[in-house]
Amino acid sequence: MARHDRYFLTAEQAANALGVTRATLYAYTSRGHLRSEAIPGHPREKRYYREDIARLRERKDVRRDPAKAAARGLHWGGPVLESSTTLIHNGRLFYRGRDAIALAQRANVEDVAALLWSAEPGEQAELFGQPMPLSSRQLTGLNACARDPFTQMQIALPIAAAADLAAHNRQPAAVRQTGARILRLFTAILTRGASRGPIHRALQCEWSPSRPAVGDVIRAALILCADHELNVSAFTARCAASAGASPYDVVTAAMATLKGFKHGGAAERVLALAADAVTPKAARIAVADRLRGGERVAGFGHQLYPGGDPRARLLLRLADASGNEAGRRPFRNLVKAGAELLDDLPNLDLGLAAITRAYALPDDAPLLLFAVGRTIGWIAHAIEEYQSDRLIRPRARYMGPAPEEE
């Protein structure tokens with residue numbers, strides 16, 4: 001089997017996992033239920049994606065035991081909600097059918113927002129030409145409440161929501177307008193009020209004013225962060241929207257989720273890891289130390305990308321193009337150590353950390369880029385959920401003590 005056999009099964013393993021014959025396995029593949037590919041070095045042998053096998057097993061489990069299957073559904077199970085926003089397929093990421101990696105290399109952030117929000121032709125200029133939701137005085141007042149920009153963004157949302165009566169209109173066009181105002185608000189907070197022009201350019205002028213080329217790196221990162229199907233923050237956003245929460249409250253709920261160290265906060269741990277990876281030997285020791293301590297090493301692996309996260313590949317290429325050898329070296333060391341000790345490839349968190357060091361961006365840039373970029377996706381999911389007009393309400397499978405007898 002290939003190096004990343006944790007993501008693949010042989011034909012024999014796949015047939016055994018499904019409890020079927022090889023002939024049935026091949027029939028599933030010919031009908032499009034499973035994906036197969038030749039094993040490198042063994043062209044006559046096929047390997048099968050574990051996620052496909054798990055999905056097919058879950059379908060069979062639903063027929064036998066619906067309650068058991070539903071309990072697994074919230075943990076990398078089958079899709080729990082329909083969406084036309086983002087597709088992850090065969091190691092590629094698509095926004096409404098458009099290749100996200102290609103968009104990151106040529107589109108503006110505003111273009112991608114208009115795409116994911118299904119904006120009408122010619123609507124984009126109106127969306128991003130709106131006035132800022134808070135006054136300059138209110139923006140200044142946020143500094144007295146918190147020092148870090150992420151917390152300021154969280155604080156600003158309910159303040160802006162209280163004054164933005166139009167946010168209660170949940171028709172798609174109105175939600176697009178509100179989403180653009182929220183993006184404008186976040187950009188103004190990060191740039192201390194200087195939020196005119198494209199978002200990536202405003203952030204570049206704040207974080208790296210003497211290097212205009214950094215703007216393209218920021219633009220790519222924001223677009224790559226825009227959405228990623230039903231991750232935990234997007235699911236949280238959809239739950240809030242299904243309850244009828246305003247777009248401001250949808251983003252507030254999602255921001256709280258994003259801050260968790262298992263989600264958007266993971267890049268902070270990658271930066272700490274990179275600080276200990278100045279040489280190849282030091283990188284191996286740093287990774288081994290975390291494994292020895294029982295930690296999951298941040299920055300590596302993604303269940304949806306057995307062949308490697310394409311977002312990370314692009315960001316690492318951009319980091320390499322910086323010319324900052326001191327900034328990019330620790331990440332090259334980490335990539336090598338990850339392959340040797342983890343048998344895994346970099347993910348988005350490592351990519352965001354790499355461009356942060358390579359281009360001398362603020363330490364909190366990964367989380368801030370994630371938050372601003374992913375706001376686009378949260379609003380897209382809110383628009384879909386408002387239109388569905390249903391309340392997301394999973395059932396709990398009670399495992400506690402039996403009720404007392406009367």
# chains A, B, ... in the order shown; residues from 1 in each chain; ligands from 1
>>> select_by_dssp(residues="segment 115-223 of chain A", states="alpha helix (DSSP H)", output="ChimeraX atom specification")
/A:115-116,124-127,136-145,149-163,172-190,199-207,214-223
>>> write_last_selection(atoms="C-alpha atoms", output="CSV table (one decimal), in the first residue's frame")
chain,number,residue,atom,x,y,z
A,115,LEU,CA,-20.1,33.9,-5.5
A,116,LEU,CA,-20.8,32.1,-2.2
A,124,GLN,CA,-21.3,43.4,-5.6
A,125,ALA,CA,-20.4,47.1,-5.8
A,126,GLU,CA,-23.5,47.9,-3.8
A,127,LEU,CA,-22.7,45.2,-1.2
A,136,SER,CA,-15.2,56.0,14.6
A,137,ARG,CA,-15.9,56.8,18.2
A,138,GLN,CA,-17.4,53.4,18.8
A,139,LEU,CA,-14.5,51.7,17.2
A,140,THR,CA,-12.1,53.6,19.4
A,141,GLY,CA,-14.1,52.6,22.4
A,142,LEU,CA,-13.5,48.9,21.6
A,143,ASN,CA,-9.9,49.4,22.6
A,144,ALA,CA,-11.0,50.1,26.1
A,145,CYS,CA,-12.8,46.8,26.3
A,149,PRO,CA,-8.5,42.3,17.8
A,150,PHE,CA,-10.4,39.0,17.9
A,151,THR,CA,-12.1,39.9,21.1
A,152,GLN,CA,-12.9,43.3,19.8
A,153,MET,CA,-14.6,41.7,16.8
A,154,GLN,CA,-16.6,39.6,19.2
A,155,ILE,CA,-17.6,42.6,21.3
A,156,ALA,CA,-18.5,44.7,18.3
A,157,LEU,CA,-21.0,42.3,16.9
A,158,PRO,CA,-23.8,42.8,19.4
A,159,ILE,CA,-23.2,46.6,19.5
A,160,ALA,CA,-23.5,46.8,15.7
A,161,ALA,CA,-26.5,44.5,15.7
A,162,ALA,CA,-28.4,46.7,18.2
A,163,ALA,CA,-28.2,49.6,15.8
A,172,PRO,CA,-31.3,36.5,0.8
A,173,ALA,CA,-30.6,40.0,-0.7
A,174,ALA,CA,-30.9,41.6,2.7
A,175,VAL,CA,-28.7,39.0,4.4
A,176,ARG,CA,-26.0,39.6,1.7
A,177,GLN,CA,-26.2,43.3,2.6
A,178,THR,CA,-25.8,42.5,6.3
A,179,GLY,CA,-23.0,40.1,5.7
A,180,ALA,CA,-21.1,42.7,3.7
A,181,ARG,CA,-21.5,45.2,6.6
A,182,ILE,CA,-20.1,42.6,9.0
A,183,LEU,CA,-17.1,42.1,6.8
A,184,ARG,CA,-16.7,45.9,6.6
A,185,LEU,CA,-16.9,46.0,10.4
A,186,PHE,CA,-14.2,43.4,11.0
A,187,THR,CA,-11.9,45.0,8.4
A,188,ALA,CA,-12.3,48.4,10.1
A,189,ILE,CA,-11.4,46.9,13.5
A,190,LEU,CA,-8.3,45.2,12.2
A,199,ILE,CA,-10.3,43.8,2.1
A,200,HIS,CA,-7.0,42.2,1.4
A,201,ARG,CA,-5.4,45.6,0.5
A,202,ALA,CA,-6.7,47.2,3.7
A,203,LEU,CA,-5.1,44.4,5.8
A,204,GLN,CA,-1.9,44.6,3.9
A,205,CYS,CA,-1.6,48.4,4.4
A,206,GLU,CA,-2.1,47.7,8.2
A,207,TRP,CA,0.1,44.7,8.6
A,214,VAL,CA,1.9,40.8,0.7
A,215,GLY,CA,-1.6,41.8,-0.2
A,216,ASP,CA,-1.9,38.9,-2.7
A,217,VAL,CA,-0.8,36.5,0.0
A,218,ILE,CA,-3.4,37.8,2.4
A,219,ARG,CA,-6.0,37.7,-0.3
A,220,ALA,CA,-5.3,34.0,-1.1
A,221,ALA,CA,-5.4,33.1,2.6
A,222,LEU,CA,-8.8,34.8,3.1
A,223,ILE,CA,-10.3,33.0,0.1
>>> atom_distance(atom1="atom CA of Ala319 of chain A", atom2="atom CA of Ile355 of chain A")
4.9 Å
>>> atom_distance(atom1="atom CA of Ala321 of chain A", atom2="atom CA of Asn333 of chain A")
16.4 Å
>>> closest_residue(among="A:Ala371, A:Leu352, A:Ala100, A:Ile285", to="Leu258 of chain A", atoms="only C-alpha atoms")
A:Ala371
>>> atom_distance(atom1="atom CA of Thr236 of chain A", atom2="atom CA of Arg397 of chain A")
20.1 Å
